[in-house]
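Engineer: Let me begin by handing over the structure; questions about it come next.
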Number of protein chains: 2
Amino acid sequence: MNSEYSDALGNLVDQLAKLPGIGRKSAQRLAFHILKQPDKEARLLAKAIIDAKEKIHYCKTCYNLTDQEYCSICRNPNRDTSVICVVEDARDVLALERANEFRGLYHVLHGAISPMDGIGPEQLKVKELLLRLQSQPTEEVIIATNTSIEGEATAMYLANLLKPLGIKVTRIAQGLPVGGDIQYADEVTLARAFEGRWEI
Amino acid sequence: MNSEYSDALGNLVDQLAKLPGIGRKSAQRLAFHILKQPDKEARLLAKAIIDAKEKIHYCKTCYNLTDQEYCSICRNPNRDTSVICVVEDARDVLALERANEFRGLYHVLHGAISPMDGIGPEQLKVKELLLRLQSQPTEEVIIATNTSIEGEATAMYLANLLKPLGIKVTRIAQGLPVGGDIQYADEVTLARAFEGRWEI
């Protein structure tokens, strides 16, 4: 509690400052903005927070976020059910959907293997992926975890786990981002771009 | 409404993206954070928003924000009631209080004169300042509006308005910020720092 504010204002600043990437200065700016807005706006924001918490949960199949029993992608009959793309986070699903390239289903792990943070496969939706692969004929699993150390470790772990099951396991390509400038690219990215080169 | 999300999530992102300085990417990050938090945290945030809107209003004397009839500064019997410091915004009061230099009272204008934005003296708490000066013996009015064009225009306007009433009107000093580097200071600031120089 911050004694320089009146209690209700200090409390709002405290609560906003708990959000990621929002420092005390930003929290103060947001709080004053909320106070200046019409009552209705503040109510809409508060209601949206409560509603989202109450209604949103994991899709029973792929662990994406949804307010239904199954997410809109799993419910879509036009999706190719023989390919599953494994991602770390529900936000990755949104990003990949925006790319409009992949027409299969997803599986959201909700994290990556990170022994330093005490996160192993049992903290992720890995067991759920195995159960899913057993019940659903799957030709290919595309691993689209991040290209960070944790993402790579997770990709390797999953590849070793799934290959013995006779499923084709692939990894998304690494290289220069589109529109990227070679002179500004880091050396690891450039090395990967060379490794993964293909004939025109 | 954003079709890529389920409704409750899209609504939360939309509401968060209305906040100043929060773009869609940040709003998405905040929304996913809120969804990951325990229910209790989200409820505390929603409640803080509603509470602040319901309880906070303007101090009847100085138009600072408060959840009482009069703000904590106006209620404090140890403050010097003969000096009033005029500021643009309630946040300026917090900043000046942190400086721990001023022991008088404040008057919050809630803006600055800006003809471009259609803000004249009648949109600010100027009339309220005049009424206050009539009912309360005041020796000095310190104008601590911003050093922007609007803040300076407001300071000039107030000085012209108050001086004929026989009240001492002063303006906070402008110069090099403490810890400031002369080589990085802009020329206007340096010119003001020279104008306002004092004998050691």
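Please note that chains go A, B, ... in the order of the structure tokens, that every chain numbers its residues from 1, and that ligands are numbered from 1 in the order shown.
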Show me, as a PyMOL selection string, every residue of chain A with an atom at most 6 Å from chain B, counting only C-alpha atoms.
Structural biologist: chain A and resi 6+8-9+12+15+35+45-46+48+52-53+66
Engineer: Find the nearest atom pair between each residue of stretch 80-163 of chain A and stretch 167-185 of chain A for residues within 10 Å, count only C-alpha atoms, give distances in Å to one decimal, sort rows by chain and ascending number, and present the table as a tab-separated table.
Structural biologist:
```
residue	atom	partner	partner_atom	distance
A:Val83	CA	A:Lys168	CA	9.6
A:Ile84	CA	A:Val169	CA	9.8
A:Cys85	CA	A:Thr170	CA	9.3
A:Val86	CA	A:Arg171	CA	9.6
A:Leu133	CA	A:Ile167	CA	9.0
A:Pro137	CA	A:Ile167	CA	9.6
A:Thr138	CA	A:Ile167	CA	7.1
A:Glu139	CA	A:Ile167	CA	6.0
A:Glu140	CA	A:Lys168	CA	4.7
A:Val141	CA	A:Val169	CA	4.9
A:Ile142	CA	A:Thr170	CA	4.7
A:Ile143	CA	A:Arg171	CA	4.8
A:Ala144	CA	A:Ile172	CA	5.7
A:Thr145	CA	A:Ile172	CA	8.4
A:Asn146	CA	A:Ile172	CA	9.5
A:Thr147	CA	A:Gln174	CA	7.8
A:Glu152	CA	A:Arg171	CA	9.6
A:Ala155	CA	A:Arg171	CA	7.5
A:Met156	CA	A:Arg171	CA	9.5
A:Leu158	CA	A:Val169	CA	8.6
A:Ala159	CA	A:Val169	CA	6.1
A:Asn160	CA	A:Val169	CA	9.3
A:Leu161	CA	A:Val169	CA	9.9
A:Leu162	CA	A:Ile167	CA	6.2
A:Lys163	CA	A:Ile167	CA	5.6
```
Engineer: From a backbone DSSP assignment, name each residue in stretch 22-188 of chain B labelled alpha helix (DSSP H), as a ChimeraX atom specification.
Structural biologist: /B:24-36,39-55,72-75,90-99,126-135,149-162,187-188
Engineer: As a list in words, please: every residue in chain A that DSSP puts in strand (DSSP E).
Structural biologist: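 So, restricting chain A to strand (DSSP E), we get His57, Tyr58, Leu65, Thr66, Asp80, Thr81, Ser82, Val83, Ile84, Cys85, Val86, Val87, Gly104, Leu105, Tyr106, His107, Val108, Glu140, Val141, Ile142, Ile143, Lys168, Val169, Thr170 and Arg171 of chain A.
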Engineer: Find the residues around stretch 102-111 of chain B up to 7 Å (only C-alpha atoms counted), leave out those fewer than 4 positions away in its own chain, and share them as a list in words.
Structural biologist: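 Returned residues: Cys62, Tyr63, Asn64, Ile73, Cys74, Arg79, Asp80, Thr81, Ser82, Val83, Ile84, Cys85, Val86, Val87, Glu88, Asp89, Ala90, Leu124, Lys125 and Val126 of chain B.
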Engineer: Could those residues be written to a file, using C-alpha atoms, as a PDB file, in the first residue's frame?
Structural biologist:
```
ATOM      1  CA  CYS B  62      -8.078  21.997  -4.336  1.00  0.00           C
ATOM      2  CA  TYR B  63      -9.469  19.499  -6.892  1.00  0.00           C
ATOM      3  CA  ASN B  64      -6.766  16.957  -6.106  1.00  0.00           C
ATOM      4  CA  ILE B  73      -3.107  17.711   2.067  1.00  0.00           C
ATOM      5  CA  CYS B  74      -6.051  20.094   2.599  1.00  0.00           C
ATOM      6  CA  ARG B  79       0.338  22.769   6.003  1.00  0.00           C
ATOM      7  CA  ASP B  80       0.913  26.474   5.328  1.00  0.00           C
ATOM      8  CA  THR B  81      -2.446  27.770   4.089  1.00  0.00           C
ATOM      9  CA  SER B  82      -1.009  31.109   2.922  1.00  0.00           C
ATOM     10  CA  VAL B  83       0.723  29.612  -0.153  1.00  0.00           C
ATOM     11  CA  ILE B  84      -1.030  27.845  -3.028  1.00  0.00           C
ATOM     12  CA  CYS B  85       0.877  25.912  -5.677  1.00  0.00           C
ATOM     13  CA  VAL B  86      -1.064  25.638  -8.947  1.00  0.00           C
ATOM     14  CA  VAL B  87      -0.452  22.479 -11.009  1.00  0.00           C
ATOM     15  CA  GLU B  88      -1.956  21.014 -14.178  1.00  0.00           C
ATOM     16  CA  ASP B  89      -2.574  17.474 -12.998  1.00  0.00           C
ATOM     17  CA  ALA B  90      -3.098  15.451  -9.806  1.00  0.00           C
ATOM     18  CA  LEU B 124      -9.963  24.412 -16.226  1.00  0.00           C
ATOM     19  CA  LYS B 125     -10.471  24.950 -12.477  1.00  0.00           C
ATOM     20  CA  VAL B 126      -9.550  28.648 -12.824  1.00  0.00           C
TER      21      VAL B 126
END
```
